Structure formats: C-alpha cells, structure tokens
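**Q** Dropping in run-v7.txt, with compact mmCIF, C-alpha atoms.
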```txt
# COMPACT_ATOMS: atom_id res chain seq x y z
CA MET A 5 33.06 -6.40 -13.44
CA ILE A 6 30.75 -6.69 -10.49
CA GLY A 7 29.52 -3.67 -8.64
CA VAL A 8 30.71 -1.04 -11.08
CA GLY A 9 28.28 1.68 -12.06
CA LYS A 10 24.75 1.94 -10.74
CA ALA A 11 22.75 -0.63 -8.78
CA LYS A 12 24.22 -4.07 -9.05
CA GLN A 13 22.04 -6.39 -11.08
CA TYR A 14 21.15 -9.59 -9.28
CA ALA A 15 20.19 -12.59 -11.34
CA ASN A 16 17.79 -13.73 -8.67
CA VAL A 17 15.73 -11.64 -6.26
CA LEU A 18 16.81 -14.04 -3.49
CA ASP A 19 20.41 -12.92 -3.88
CA LYS A 20 19.65 -9.29 -3.21
CA PRO A 21 20.66 -8.15 0.24
CA LEU A 22 17.72 -7.62 2.59
CA SER A 23 17.03 -3.96 3.22
CA ARG A 24 17.20 -2.57 6.74
CA GLY A 25 13.50 -1.77 6.69
CA ARG A 26 13.94 1.95 7.13
CA GLN A 27 12.38 3.03 3.87
CA GLU A 28 9.10 4.87 4.14
CA VAL A 29 6.25 5.91 1.91
CA SER A 30 3.61 8.49 2.67
CA LEU A 31 0.63 7.45 4.75
CA SER A 32 -1.71 8.75 2.08
CA ALA A 33 -0.17 6.48 -0.54
CA PHE A 34 -0.92 3.53 1.71
CA ALA A 35 -4.38 4.84 2.57
CA PHE A 36 -5.30 5.24 -1.11
CA LEU A 37 -3.99 1.77 -1.89
CA PHE A 38 -5.93 0.26 1.00
CA SER A 39 -9.11 2.03 -0.06
CA GLU A 40 -8.71 0.60 -3.57
CA LEU A 41 -8.29 -2.86 -2.04
CA VAL A 42 -11.53 -2.49 -0.09
CA GLN A 43 -13.40 -0.98 -3.03
CA TYR A 44 -12.27 -3.76 -5.38
CA ASN A 45 -13.34 -6.42 -2.90
CA GLN A 46 -16.72 -4.76 -2.46
CA THR A 47 -17.41 -5.43 -6.13
CA GLN A 48 -16.56 -9.10 -5.75
CA VAL A 49 -18.80 -10.02 -2.83
CA ASP A 50 -22.49 -10.00 -1.90
CA ASN A 51 -22.34 -9.60 1.84
CA ILE A 52 -20.27 -8.22 4.68
CA ALA A 53 -19.01 -11.53 6.04
CA GLU A 54 -17.46 -12.36 2.68
CA LEU A 55 -15.90 -8.92 2.43
CA GLU A 56 -14.31 -9.36 5.84
CA ARG A 57 -13.07 -12.81 4.82
CA ARG A 58 -11.46 -11.47 1.67
CA LEU A 59 -9.73 -8.67 3.55
CA GLU A 60 -8.58 -11.23 6.08
CA ASP A 61 -7.17 -13.40 3.29
CA ALA A 62 -5.24 -10.44 1.90
CA GLY A 63 -3.90 -9.72 5.38
CA TYR A 64 -2.98 -13.37 5.90
CA ALA A 65 -0.56 -13.22 2.98
CA VAL A 66 1.02 -10.07 4.41
CA GLY A 67 1.31 -11.67 7.87
CA ALA A 68 3.04 -14.78 6.58
CA ARG A 69 5.68 -12.69 4.84
CA VAL A 70 6.10 -10.28 7.71
CA LEU A 71 6.82 -13.20 10.04
CA GLU A 72 9.56 -14.54 7.79
CA LEU A 73 11.06 -11.13 7.23
CA LEU A 74 11.11 -10.18 10.89
CA CYS A 75 12.30 -13.55 12.14
CA HIS A 76 15.24 -13.28 9.86
CA ARG A 77 16.01 -9.63 10.41
CA GLU A 78 15.10 -8.89 14.01
CA LYS A 79 15.32 -12.17 15.83
CA GLY A 80 18.27 -13.82 14.12
CA ASN A 81 16.20 -16.76 12.89
CA ARG A 82 15.12 -17.89 16.37
CA ARG A 83 11.69 -19.47 16.43
CA GLU A 84 9.14 -18.61 19.09
CA THR A 85 7.88 -21.67 20.89
CA ARG A 86 5.86 -20.12 23.69
CA LEU A 87 2.43 -18.60 23.46
CA LEU A 88 3.24 -15.45 25.38
CA GLY A 89 6.42 -15.14 23.35
CA ILE A 90 4.63 -15.07 20.02
CA LEU A 91 1.93 -12.76 21.37
CA SER A 92 4.41 -10.25 22.65
CA PHE A 93 6.33 -10.55 19.36
CA ILE A 94 3.16 -9.51 17.54
CA HIS A 95 2.21 -6.85 20.05
CA SER A 96 5.62 -5.15 20.00
CA THR A 97 7.86 -6.09 17.08
CA VAL A 98 5.30 -6.67 14.35
CA TRP A 99 3.20 -3.67 15.33
CA LYS A 100 6.27 -1.45 15.63
CA VAL A 101 7.56 -2.41 12.19
CA LEU A 102 4.23 -2.19 10.39
CA PHE A 103 2.52 0.69 12.18
CA GLY A 104 5.37 2.59 13.78
CA LYS A 105 4.36 2.02 17.39
CA VAL A 106 3.66 -0.90 19.72
CA ALA A 107 0.03 -1.93 20.11
CA ASP A 108 -1.89 -0.14 22.85
CA SER A 109 -2.54 -3.18 24.95
CA LEU A 110 -2.38 -6.97 25.10
CA GLU A 111 -4.89 -8.64 27.40
CA LYS A 112 -5.87 -12.14 28.30
CA GLY A 113 -9.57 -12.91 27.97
CA THR A 114 -11.40 -13.42 31.23
CA GLU A 115 -14.14 -15.70 29.97
CA HIS A 116 -12.10 -18.26 28.03
CA GLU A 117 -8.65 -19.71 28.60
CA ASP A 118 -7.58 -19.49 25.01
CA GLU A 119 -8.64 -15.93 24.16
CA TYR A 120 -6.35 -12.93 23.96
CA MET A 121 -7.00 -9.38 22.83
CA ILE A 122 -4.78 -6.78 21.25
CA SER A 123 -6.35 -3.34 21.38
CA GLU A 124 -5.64 -0.17 19.50
CA LYS A 125 -7.28 3.20 19.92
CA GLU A 126 -7.31 3.77 16.17
CA LEU A 127 -5.92 1.26 13.71
CA LEU A 128 -3.75 2.85 11.04
CA VAL A 129 -5.74 1.18 8.31
CA ASN A 130 -9.02 2.57 9.66
CA ARG A 131 -7.83 6.14 9.95
CA PHE A 132 -9.34 7.33 6.71
CA ILE A 133 -12.18 4.83 6.51
CA SER A 134 -15.76 5.63 7.41
CA VAL A 135 -18.24 2.79 7.46
CA PRO A 136 -21.80 3.58 6.30
CA LYS A 137 -24.59 2.65 8.72
CA ASP A 138 -26.01 -0.01 6.44
CA MET A 139 -22.82 -2.02 6.72
CA GLY A 140 -23.39 -2.59 10.39
CA ALA A 141 -20.42 -3.84 12.31
CA PHE A 142 -18.06 -4.14 9.37
CA ASN A 143 -14.48 -3.35 10.34
CA CYS A 144 -11.64 -2.91 7.87
CA GLY A 145 -9.46 -4.04 10.73
CA ALA A 146 -10.23 -7.48 9.29
CA PHE A 147 -7.11 -6.82 7.22
CA VAL A 148 -5.03 -6.45 10.37
CA ALA A 149 -6.75 -9.47 11.89
CA GLY A 150 -5.60 -11.34 8.79
CA ILE A 151 -2.03 -10.15 9.32
CA VAL A 152 -2.10 -11.44 12.91
CA LYS A 153 -3.62 -14.74 11.77
CA GLY A 154 -0.92 -15.09 9.11
CA VAL A 155 1.82 -14.57 11.67
CA LEU A 156 0.29 -16.99 14.18
CA ASP A 157 -0.55 -19.75 11.72
CA ASN A 158 2.89 -19.71 10.17
CA ALA A 159 4.58 -19.65 13.55
CA GLY A 160 2.75 -22.83 14.48
CA PHE A 161 -0.02 -21.35 16.65
CA PRO A 162 -3.26 -21.77 14.67
CA ALA A 163 -5.98 -19.38 15.77
CA VAL A 164 -9.17 -17.66 14.73
CA VAL A 165 -8.62 -13.93 14.67
CA THR A 166 -11.28 -11.26 14.29
CA ALA A 167 -11.49 -7.50 14.60
CA HIS A 168 -14.20 -5.74 16.60
CA PHE A 169 -15.18 -2.22 17.40
CA VAL A 170 -15.53 -1.53 21.12
CA PRO A 171 -17.21 1.78 21.96
CA ILE A 172 -15.47 3.66 24.74
CA GLU A 173 -16.94 6.21 27.12
CA GLY A 174 -15.94 9.73 26.24
CA GLN A 175 -14.35 8.82 22.93
CA GLN A 176 -16.02 9.62 19.67
CA ARG A 177 -14.50 6.83 17.62
CA PRO A 178 -14.65 3.32 19.06
CA ARG A 179 -11.54 1.40 19.98
CA THR A 180 -10.60 -1.59 17.82
CA THR A 181 -9.88 -4.93 19.45
CA ILE A 182 -8.27 -7.84 17.66
CA LEU A 183 -9.63 -10.98 19.27
CA ILE A 184 -7.40 -14.05 19.06
CA LYS A 185 -8.91 -17.42 19.86
CA PHE A 186 -6.36 -20.20 19.77
CA ALA A 187 -7.21 -23.61 18.36
CA GLU A 188 -7.51 -26.72 20.52
CA GLU A 189 -4.09 -28.11 19.74
CA VAL A 190 -2.38 -24.94 20.91
CA LYS A 191 -4.08 -25.10 24.29
CA GLN A 192 -2.94 -28.63 24.86
CA VAL A 193 0.66 -28.26 23.81
CA CYS A 194 1.66 -24.84 25.04
CA ILE A 195 2.36 -24.03 28.62
CA VAL A 196 1.66 -20.34 29.10
CA MET B 346 -2.29 40.30 -1.29
CA PRO B 347 -0.51 38.23 1.39
CA PRO B 348 2.76 36.72 0.21
CA LEU B 349 2.33 33.17 -1.06
CA THR B 350 4.46 30.56 0.70
CA PRO B 351 7.16 29.29 -1.65
CA PRO B 352 6.88 25.70 -2.88
CA LYS B 353 8.77 23.20 -0.73
CA SER B 354 11.57 21.02 -1.94
CA GLY B 355 10.98 17.32 -2.38
CA ASP B 356 12.69 16.29 0.84
CA ALA B 357 10.92 18.91 2.92
CA LEU B 358 7.62 17.84 1.41
CA PHE B 359 8.22 14.20 2.24
CA ALA B 360 9.26 15.11 5.76
CA SER B 361 6.08 17.09 6.28
CA VAL B 362 3.62 14.31 5.45
CA ASP B 363 2.78 11.41 7.74
CA ARG B 364 4.78 8.36 6.77
CA VAL B 365 4.34 4.64 7.11
CA ASN B 366 6.71 1.70 6.71
CA ALA B 367 7.35 0.97 3.05
CA GLU B 368 7.23 -2.76 3.68
CA LEU B 369 3.59 -2.61 4.77
CA PHE B 370 2.88 -0.77 1.54
CA THR B 371 4.85 -3.25 -0.56
CA LEU B 372 3.24 -6.29 1.04
CA THR B 373 -0.28 -4.82 0.77
CA TYR B 374 0.30 -4.12 -2.93
CA GLY B 375 1.54 -7.67 -3.36
CA ALA B 376 -1.61 -8.98 -1.70
CA ILE B 377 -3.73 -6.89 -4.09
CA VAL B 378 -1.92 -8.21 -7.17
CA ARG B 379 -2.25 -11.76 -5.87
CA GLN B 380 -5.98 -11.35 -5.27
CA LEU B 381 -6.43 -9.96 -8.77
CA LEU B 382 -4.49 -12.81 -10.33
CA THR B 383 -6.61 -15.37 -8.47
CA ASP B 384 -9.88 -13.67 -9.38
CA LEU B 385 -9.22 -12.62 -12.94
CA GLU B 386 -6.68 -15.22 -14.06
CA GLU B 387 -5.97 -13.42 -17.33
CA VAL B 388 -2.81 -11.34 -17.08
CA GLU B 389 -4.19 -8.69 -19.45
CA GLU B 390 -7.29 -8.29 -17.29
CA VAL B 391 -5.13 -7.85 -14.22
CA ASN B 392 -3.09 -5.17 -15.99
CA LYS B 393 -6.27 -3.32 -16.89
CA GLN B 394 -7.64 -3.58 -13.37
CA LEU B 395 -4.39 -2.31 -11.85
CA ASP B 396 -4.46 0.61 -14.24
CA GLN B 397 -8.06 1.38 -13.29
CA MET B 398 -7.23 1.25 -9.58
CA GLY B 399 -4.32 3.55 -10.20
CA TYR B 400 -6.57 5.91 -12.12
CA ASN B 401 -9.02 6.10 -9.20
CA MET B 402 -6.17 6.77 -6.80
CA GLY B 403 -4.60 9.37 -9.07
CA THR B 404 -7.75 11.47 -9.37
CA ARG B 405 -7.82 11.91 -5.58
CA LEU B 406 -4.10 11.98 -5.03
CA VAL B 407 -3.61 15.06 -7.18
CA ASP B 408 -5.81 17.13 -4.85
CA GLU B 409 -3.70 16.24 -1.87
CA PHE B 410 -0.54 16.90 -3.83
CA LEU B 411 -1.62 20.36 -4.94
CA ALA B 412 -2.81 21.24 -1.45
CA LYS B 413 0.35 20.18 0.32
CA SER B 414 3.03 21.13 -2.13
CA ASN B 415 2.06 24.73 -2.89
CA VAL B 416 3.30 24.57 -6.47
CA SER B 417 2.19 27.27 -8.83
CA ARG B 418 0.46 26.48 -12.09
CA CYS B 419 2.80 24.74 -14.51
CA VAL B 420 3.53 26.68 -17.66
CA ASP B 421 4.05 23.74 -19.97
CA PHE B 422 4.25 19.98 -20.04
CA LYS B 423 7.99 20.00 -19.40
CA GLU B 424 7.44 21.73 -16.08
CA THR B 425 4.59 19.37 -15.23
CA ALA B 426 6.84 16.37 -15.81
CA ASP B 427 9.58 17.85 -13.63
CA VAL B 428 7.14 18.56 -10.83
CA ILE B 429 5.77 15.02 -10.96
CA ALA B 430 9.22 13.45 -10.97
CA LYS B 431 10.80 15.58 -8.25
CA LEU B 432 7.89 16.39 -5.97
CA GLY B 433 5.08 13.99 -6.78
CA PHE B 434 7.00 10.75 -6.58
CA LYS B 435 8.98 12.00 -3.60
CA MET B 436 5.92 13.03 -1.64
CA PHE B 437 4.09 9.75 -1.99
CA LEU B 438 6.69 7.08 -2.57
CA GLY B 439 9.76 8.67 -1.06
CA VAL B 440 11.81 8.22 -4.23
CA THR B 441 12.54 10.62 -7.09
CA ALA B 442 12.32 9.83 -10.75
CA THR B 443 14.39 11.35 -13.52
CA VAL B 444 12.81 12.78 -16.64
CA THR B 445 14.56 11.90 -19.89
CA LYS B 446 14.12 11.31 -23.60
CA TRP B 447 12.02 14.30 -24.50
CA ASP B 448 10.74 14.21 -28.02
CA ALA B 449 10.98 17.12 -30.47
CA GLU B 450 7.60 18.68 -29.69
CA GLY B 451 7.97 18.40 -25.93
CA THR B 452 4.84 16.32 -25.53
CA SER B 453 6.34 12.97 -24.69
CA CYS B 454 8.91 11.99 -22.08
CA SER B 455 10.13 9.10 -19.97
CA PHE B 456 10.16 8.81 -16.20
CA VAL B 457 12.98 6.59 -15.01
CA LEU B 458 12.80 5.06 -11.55
CA GLU B 459 15.77 3.23 -10.12
CA ASP B 460 14.26 2.56 -6.75
CA ASN B 461 10.67 1.39 -6.56
CA PRO B 462 9.04 0.53 -3.23
CA LEU B 463 6.27 -1.44 -4.94
CA VAL B 464 8.57 -4.20 -6.10
CA ASP B 465 10.68 -5.12 -3.09
CA PHE B 466 10.81 -8.87 -2.64
CA VAL B 467 9.02 -9.49 -5.94
CA ASP B 468 9.93 -12.09 -8.51
CA LEU B 469 7.69 -12.72 -11.51
CA PRO B 470 7.04 -16.40 -12.16
CA ASP B 471 7.16 -17.76 -15.71
CA THR B 472 3.38 -18.05 -15.85
CA CYS B 473 2.94 -14.29 -15.39
CA GLN B 474 5.44 -12.88 -17.81
CA GLY B 475 2.90 -10.54 -19.40
CA LEU B 476 2.09 -8.92 -16.08
CA GLN B 477 2.88 -5.24 -15.74
CA TYR B 478 3.37 -5.42 -12.00
CA CYS B 479 3.65 -1.65 -11.52
CA ASN B 480 0.74 -0.78 -13.75
CA VAL B 481 -0.93 1.00 -10.87
CA LEU B 482 1.70 3.75 -11.23
CA SER B 483 0.78 4.43 -14.84
CA GLY B 484 -2.88 4.67 -13.80
CA VAL B 485 -2.01 7.12 -11.03
CA ILE B 486 -0.17 9.44 -13.42
CA ARG B 487 -2.91 9.24 -16.02
CA GLY B 488 -5.63 9.95 -13.41
CA ALA B 489 -3.75 12.78 -11.78
CA LEU B 490 -3.00 14.53 -15.07
CA GLU B 491 -6.55 14.13 -16.27
CA MET B 492 -7.76 16.02 -13.22
CA VAL B 493 -5.55 18.93 -14.22
CA SER B 494 -6.92 18.92 -17.75
CA MET B 495 -4.29 16.89 -19.54
CA LYS B 496 -5.19 13.71 -21.36
CA THR B 497 -2.19 11.41 -21.45
CA GLU B 498 -1.19 7.92 -22.38
CA VAL B 499 1.28 6.04 -20.20
CA THR B 500 3.13 2.89 -21.24
CA TRP B 501 5.92 0.86 -19.67
CA VAL B 502 9.19 0.71 -21.57
CA ARG B 503 11.55 -0.91 -19.12
CA ASP B 504 10.75 -3.13 -16.16
CA MET B 505 13.32 -4.45 -13.72
CA LEU B 506 11.15 -7.47 -13.00
CA ARG B 507 11.63 -8.49 -16.62
CA GLY B 508 15.38 -8.16 -16.45
CA ASP B 509 15.91 -4.52 -17.44
CA ASP B 510 18.09 -2.23 -15.38
CA ALA B 511 15.48 0.34 -14.31
CA TYR B 512 11.79 1.15 -14.46
CA GLU B 513 10.88 3.44 -17.33
CA MET B 514 7.43 4.82 -18.13
CA ARG B 515 6.72 6.71 -21.31
CA VAL B 516 4.17 9.51 -20.79
CA LYS B 517 2.66 11.06 -23.87
CA LEU B 518 0.49 14.14 -23.74
CA ILE B 519 -2.46 13.64 -26.08
CA LYS B 520 -4.25 16.89 -25.56
CA GLN B 521 -4.95 19.66 -23.12
CA VAL B 522 -8.65 19.67 -22.30
CA PRO B 523 -9.80 23.16 -21.33
CA GLU B 524 -11.89 23.29 -18.19
CA GLU B 525 -15.58 23.32 -18.84
CA TYR B 526 -17.83 25.33 -16.62
CA PRO B 527 -20.95 23.43 -15.60
CA TYR B 528 -23.13 26.52 -15.91
CA LYS B 529 -23.22 29.70 -17.90
CA ASP B 530 -21.86 32.83 -16.23
CA ASP B 531 -24.75 35.09 -17.01
CA ASP B 532 -27.53 32.89 -15.63
```
Please lay out the structure from this file as structure tokens.

**A**
Amino acid sequence: MIGVGKAKQYANVLDKPLSRGRQEVSLSAFAFLFSELVQYNQTQVDNIAELERRLEDAGYAVGARVLELLCHREKGNRRETRLLGILSFIHSTVWKVLFGKVADSLEKGTEHEDEYMISEKELLVNRFISVPKDMGAFNCGAFVAGIVKGVLDNAGFPAVVTAHFVPIEGQQRPRTTILIKFAEEVKQVCIV
Amino acid sequence: MPPLTPPKSGDALFASVDRVNAELFTLTYGAIVRQLLTDLEEVEEVNKQLDQMGYNMGTRLVDEFLAKSNVSRCVDFKETADVIAKLGFKMFLGVTATVTKWDAEGTSCSFVLEDNPLVDFVDLPDTCQGLQYCNVLSGVIRGALEMVSMKTEVTWVRDMLRGDDAYEMRVKLIKQVPEEYPYKDDD
C-alpha cells in the first residue's frame, strides 16, 4: 500500500516532491561547514589565486543547481532571455533564497559596457571569516562569485565573475562587490 | 548565587539562533563531497576526510552548543545521548533524532534521523556505493563528545541513500577520559 506509515519511500530521488524551500539550518552549522571547505582547499593549493579558483569552482556547482531549482520552483520554468532580467533574478530571487535578503545594490559599471556590480555590506559567507594580512586581497566571497557565475553560465550568459573588497569611509569592515564581466557573445546578442 | 536560567527546549533553542536556508547548506555540502571525490578518488579516503572535517567542526561546535543551550552537566551517557538528539541536532540542523536500541550496559545507542538536510536532492551513483555521504555527522558527534571527555566510536548502520528507510548511527562510548590539568595546583 502506498503512503501508509512513515515517509513514503521513493524508488528514485527524482520522483520525490520538491520541498517548498522553507527548511532552515543554523547559521553556525553553515559557517563551520564553509570554514572546513576553505581549510581543506588551503591544504590543496600553493597560492591564493588557486584557492580563489577552487572556491569559485565549488560555488559554480551550487549556482548551477540553484538556477535549476529556482527556475522550476519560483518562475514556473520560464527562461530569462534578457540581461537585466537575469541580473535582477540573481540580485533579488537568488540572493533572497540563499541569504535571506535581496542584495544591497546592483550597479552598471561606468568604465565598461559589459560590467555590472552586485554589492553587499557583509556577505553571509564572510561573516565569521578573518583573512590574515599575509593573504593580501583574498576574499572568501569567491565562493559567492562562483555561485553567480554558475547561474549566469547555465542561463546562457557566460561571464567572468570575481569578488572584491571595497573599503568604505566610516565602516570598519570593507564592503564586498561581486564584479560581473560578460563575455563578448553576450554583448553582441543581448539588447539591454 | 543568582538563579541559573533553565535550559531551553529544542524549538526555542533553534528559534534563538541565526538561521540560514537549508538548501544553501545542502548544496555547499554537496560541493564539498564532489571536490573530495575529484581530488581523492578513493571512496574510503573521502569517507575518512569527511569524518576528519566533521571532527574539526565538532570540537568547536560543542562550545557554542554549551554556551547557548544552558544545559547542566549530564549525569550519564543516556542523558548525553538524549541531549544530543533533542537539543544538539535541533539547534544546528533543525531536525530531531530519536535515541533507540540501548545495549545492556548503557554505553551504546543508535541515533535515528528521518529527516536529514544534508541529503536533499542527493542520489548516489553506482560508482560511489561505498561512500558514506553523511560521514561528516559521525565526525561531528565524535569530536564534540571528545571535547567533553568521552571517547566514542560512531558507525553508520542505516543509510537512506543506500535504500534503507532512515539514517541510523551507532554511537558507542569507549571510555570517559578524566580532565587533565596542565599544571599542578600547588606550584
């Protein structure tokens, strides 16, 4: 008999109904897990650029899955075809689902046509991270940059995404900016 | 002496900590397991690494747990297991475990988890059948208990990813290690 007793057993994980996305875990559980991710990667690399790349790769995988999950759940399987559309999807929907709030700001770069910036006063992943001086400009936000890259690439908007610290007057901790530089083909095809 | 605040219930404890979307947690854990599989290739090595990561997390997690939950010192292992299942799991993962299958001496028990946020969306491929996907949890428990002077051994008995109906961990208390003072009192 189906459905009798405790949780129904599905033969295939693809048959399980998709959850509503309301479940939560504690922030510290995530923070500990993220710190283990960074610490493990530190043992596998020799320099900062490689460490950032590995974090970005980890984030890329998360971004690809988040895009599929959210497209199905929140947008009824409609695909974004416009540049501003996908950027505002990331800035509001993706940020809201992953970090509980929309990103602080989305700006268009002044120097180059194809650059956009998403800024956050303090990235959730960086909240419990302190970077030693000898690591220079290393930013664990590379993980979030990877998430954004994963979403963009899989939505058909290839881009180079990086995370930077931007010191702000009067604020002790610098702001983090995710810089998105779209590839050539995106510039030519998309009308913003 | 000022009155001590009573220990909170599991739900109140979970409501009092900052929370984050479980899907971010699940996907990040998935990314970690994937990275380990790519780097280490051997499933046994990945299991060991996950356990080690869990151990590192557990040693620090237990401090936060004790600080936030206000529990008093546990009298025996049975109480410890109850506290972990009801409060510990609830505070960090938002789910409770049940404690079952106590052995005659009271040193070995099973934690049964029906709901596990680590494994949403996960399907084990045929090439990774030996993978203990949730091994980080056994490391966390081992690390946390070692910080409160209990040496334990944690093994997985049932795993939903392998077709069982729940997640079951067997925790065995090996010995209580009395705290050692780093210096003599009369120096």

**Q** Measure the distance from atom CA of Leu128 of chain A to atom CA of Glu78 of chain A in Å and round it to one decimal.

**A**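 So the answer is 22.4 Å.
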
**Q** Tell me, as a list of chain:residue names, which residues lie within 10 Å of segment 357-361 of chain B, counting only C-alpha atoms; anything in the same chain fewer than 4 positions away does not count.

**A**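 Non-adjacent residues within range: A:Glu28, A:Val29, A:Ser30, B:Pro352, B:Lys353, B:Phe410, B:Lys413, B:Ser414, B:Asn415, B:Leu432, B:Gly433, B:Phe434, B:Lys435, B:Met436, B:Phe437, B:Leu438, B:Gly439, B:Val440.
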
**Q** Give me the residues of chain A that have any atom at most 6 Å from an atom of chain B; for each, the nearest atom pair and the distance in Å, rounded to one decimal. Use all atoms listed in the file, sort by chain and number, and format it as a Markdown table.

**A**
```
| residue | atom | partner | partner_atom | distance |
| --- | --- | --- | --- | --- |
| A:Gln27 | CA | B:Ala367 | CA | 5.5 |
| A:Glu28 | CA | B:Ala367 | CA | 4.4 |
| A:Val29 | CA | B:Leu438 | CA | 4.7 |
| A:Ser30 | CA | B:Arg364 | CA | 4.3 |
| A:Leu31 | CA | B:Arg364 | CA | 4.7 |
| A:Ala33 | CA | B:Phe437 | CA | 5.6 |
| A:Phe34 | CA | B:Phe370 | CA | 5.7 |
| A:Phe36 | CA | B:Met402 | CA | 6.0 |
| A:Ala62 | CA | B:Ala376 | CA | 5.3 |
| A:Val66 | CA | B:Leu372 | CA | 5.5 |
| A:Leu102 | CA | B:Leu369 | CA | 5.7 |
```

**Q** Between B:Glu491, B:Ala412, B:Arg507, B:Val499, single out the one closest to Glu524 of chain B, counting all atoms listed in the file.

**A** B:Glu491

**Q** As an exercise, work out the distance from atom CA of Ala149 of chain A to atom CA of Lys105 of chain A in Å and give it to one decimal place.

**A**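 Value for the atom CA of Ala149 of chain A-atom CA of Lys105 of chain A distance: 16.9 Å.
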
**Q** If I take atom CA of His76 of chain A and atom CA of Asn461 of chain B, how far is one from the other in Å, to one decimal?

**A** 22.5 Å

**Q** List the residues sitting within 8 Å of (11.1, -6.6, 10.5) in the file's frame, using all atoms listed in the file, as a PyMOL selection string.

**A** chain A and resi 25+70-71+73-78+97-98+101

**Q** Write out as a list in words each polymer residue whose atoms come within 8 Å of Pro162 of chain A, counting only C-alpha atoms; drop sequence neighbours fewer than 2 positions from it.

**A**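 Listed by chain and then number, they are Lys153, Leu156, Asp157, Asn158, Gly160, Val164, Phe186, Ala187 and Val190 of chain A.
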
**Q** Which is closest to Trp501 of chain B among B:Asp396, B:Glu424, B:Glu390, B:Asp471, if we use only C-alpha atoms?

**A** B:Asp396

**Q** Please return the centre and edge lengths, in Å to one decimal, of a box with edges along x, y and z that contains all listed atoms of segment 437-454 of chain B, widened by 6 Å on every side, as lines of an AutoDock Vina configuration file.

**A**
```
center_x = 9.3
center_y = 12.9
center_z = -15.8
size_x = 22.5
size_y = 23.6
size_z = 41.4
```

**Q** Looking at only C-alpha atoms, which of A:Pro171, A:Gly63, A:Gly80, A:Gly140 is the one that sits closest to Lys125 of chain A?

**A** A:Pro171

**Q** Around (7.3, 17.7, -27.1) in the file's own coordinates, what residues are found within 12 Å if you use all atoms listed in the file, given back as a count of residues only?

**A** 21

**Q** Can segment 510-523 of chain B be brought up to N, CA, C and O atoms and written out as a PDB file, keeping the file's coordinate frame?

**A**
```pdb
ATOM      1  N   ASP B 510      17.299  -2.764 -16.477  1.00  0.00           N
ATOM      2  CA  ASP B 510      18.090  -2.230 -15.380  1.00  0.00           C
ATOM      3  C   ASP B 510      17.401  -1.123 -14.610  1.00  0.00           C
ATOM      4  O   ASP B 510      17.959  -0.584 -13.667  1.00  0.00           O
ATOM      5  N   ALA B 511      16.201  -0.725 -15.037  1.00  0.00           N
ATOM      6  CA  ALA B 511      15.480   0.340 -14.310  1.00  0.00           C
ATOM      7  C   ALA B 511      14.017   0.254 -14.714  1.00  0.00           C
ATOM      8  O   ALA B 511      13.650  -0.543 -15.567  1.00  0.00           O
ATOM      9  N   TYR B 512      13.195   1.096 -14.061  1.00  0.00           N
ATOM     10  CA  TYR B 512      11.790   1.150 -14.460  1.00  0.00           C
ATOM     11  C   TYR B 512      11.606   2.399 -15.285  1.00  0.00           C
ATOM     12  O   TYR B 512      11.954   3.481 -14.855  1.00  0.00           O
ATOM     13  N   GLU B 513      11.066   2.256 -16.488  1.00  0.00           N
ATOM     14  CA  GLU B 513      10.880   3.440 -17.330  1.00  0.00           C
ATOM     15  C   GLU B 513       9.461   3.462 -17.851  1.00  0.00           C
ATOM     16  O   GLU B 513       8.968   2.492 -18.424  1.00  0.00           O
ATOM     17  N   MET B 514       8.791   4.628 -17.627  1.00  0.00           N
ATOM     18  CA  MET B 514       7.430   4.820 -18.130  1.00  0.00           C
ATOM     19  C   MET B 514       7.474   5.884 -19.188  1.00  0.00           C
ATOM     20  O   MET B 514       8.093   6.916 -18.971  1.00  0.00           O
ATOM     21  N   ARG B 515       6.794   5.700 -20.264  1.00  0.00           N
ATOM     22  CA  ARG B 515       6.720   6.710 -21.310  1.00  0.00           C
ATOM     23  C   ARG B 515       5.373   7.421 -21.154  1.00  0.00           C
ATOM     24  O   ARG B 515       4.322   6.763 -21.185  1.00  0.00           O
ATOM     25  N   VAL B 516       5.417   8.744 -20.954  1.00  0.00           N
ATOM     26  CA  VAL B 516       4.170   9.510 -20.790  1.00  0.00           C
ATOM     27  C   VAL B 516       4.016  10.403 -21.998  1.00  0.00           C
ATOM     28  O   VAL B 516       4.899  11.193 -22.314  1.00  0.00           O
ATOM     29  N   LYS B 517       2.881  10.270 -22.677  1.00  0.00           N
ATOM     30  CA  LYS B 517       2.660  11.060 -23.870  1.00  0.00           C
ATOM     31  C   LYS B 517       1.440  11.938 -23.664  1.00  0.00           C
ATOM     32  O   LYS B 517       0.365  11.441 -23.311  1.00  0.00           O
ATOM     33  N   LEU B 518       1.618  13.232 -23.881  1.00  0.00           N
ATOM     34  CA  LEU B 518       0.490  14.140 -23.740  1.00  0.00           C
ATOM     35  C   LEU B 518      -0.326  14.085 -25.011  1.00  0.00           C
ATOM     36  O   LEU B 518       0.174  14.354 -26.087  1.00  0.00           O
ATOM     37  N   ILE B 519      -1.605  13.737 -24.885  1.00  0.00           N
ATOM     38  CA  ILE B 519      -2.460  13.640 -26.080  1.00  0.00           C
ATOM     39  C   ILE B 519      -3.093  14.973 -26.372  1.00  0.00           C
ATOM     40  O   ILE B 519      -3.004  15.490 -27.474  1.00  0.00           O
ATOM     41  N   LYS B 520      -3.776  15.521 -25.369  1.00  0.00           N
ATOM     42  CA  LYS B 520      -4.250  16.890 -25.560  1.00  0.00           C
ATOM     43  C   LYS B 520      -4.547  17.555 -24.240  1.00  0.00           C
ATOM     44  O   LYS B 520      -4.777  16.901 -23.231  1.00  0.00           O
ATOM     45  N   GLN B 521      -4.558  18.872 -24.282  1.00  0.00           N
ATOM     46  CA  GLN B 521      -4.950  19.660 -23.120  1.00  0.00           C
ATOM     47  C   GLN B 521      -6.456  19.878 -23.251  1.00  0.00           C
ATOM     48  O   GLN B 521      -6.916  20.383 -24.266  1.00  0.00           O
ATOM     49  N   VAL B 522      -7.200  19.491 -22.238  1.00  0.00           N
ATOM     50  CA  VAL B 522      -8.650  19.670 -22.300  1.00  0.00           C
ATOM     51  C   VAL B 522      -8.993  20.899 -21.493  1.00  0.00           C
ATOM     52  O   VAL B 522      -8.783  20.913 -20.301  1.00  0.00           O
ATOM     53  N   PRO B 523      -9.511  21.958 -22.123  1.00  0.00           N
ATOM     54  CA  PRO B 523      -9.800  23.160 -21.330  1.00  0.00           C
ATOM     55  C   PRO B 523     -10.930  22.878 -20.357  1.00  0.00           C
ATOM     56  O   PRO B 523     -11.805  22.073 -20.627  1.00  0.00           O
TER      57      PRO B 523
END
```
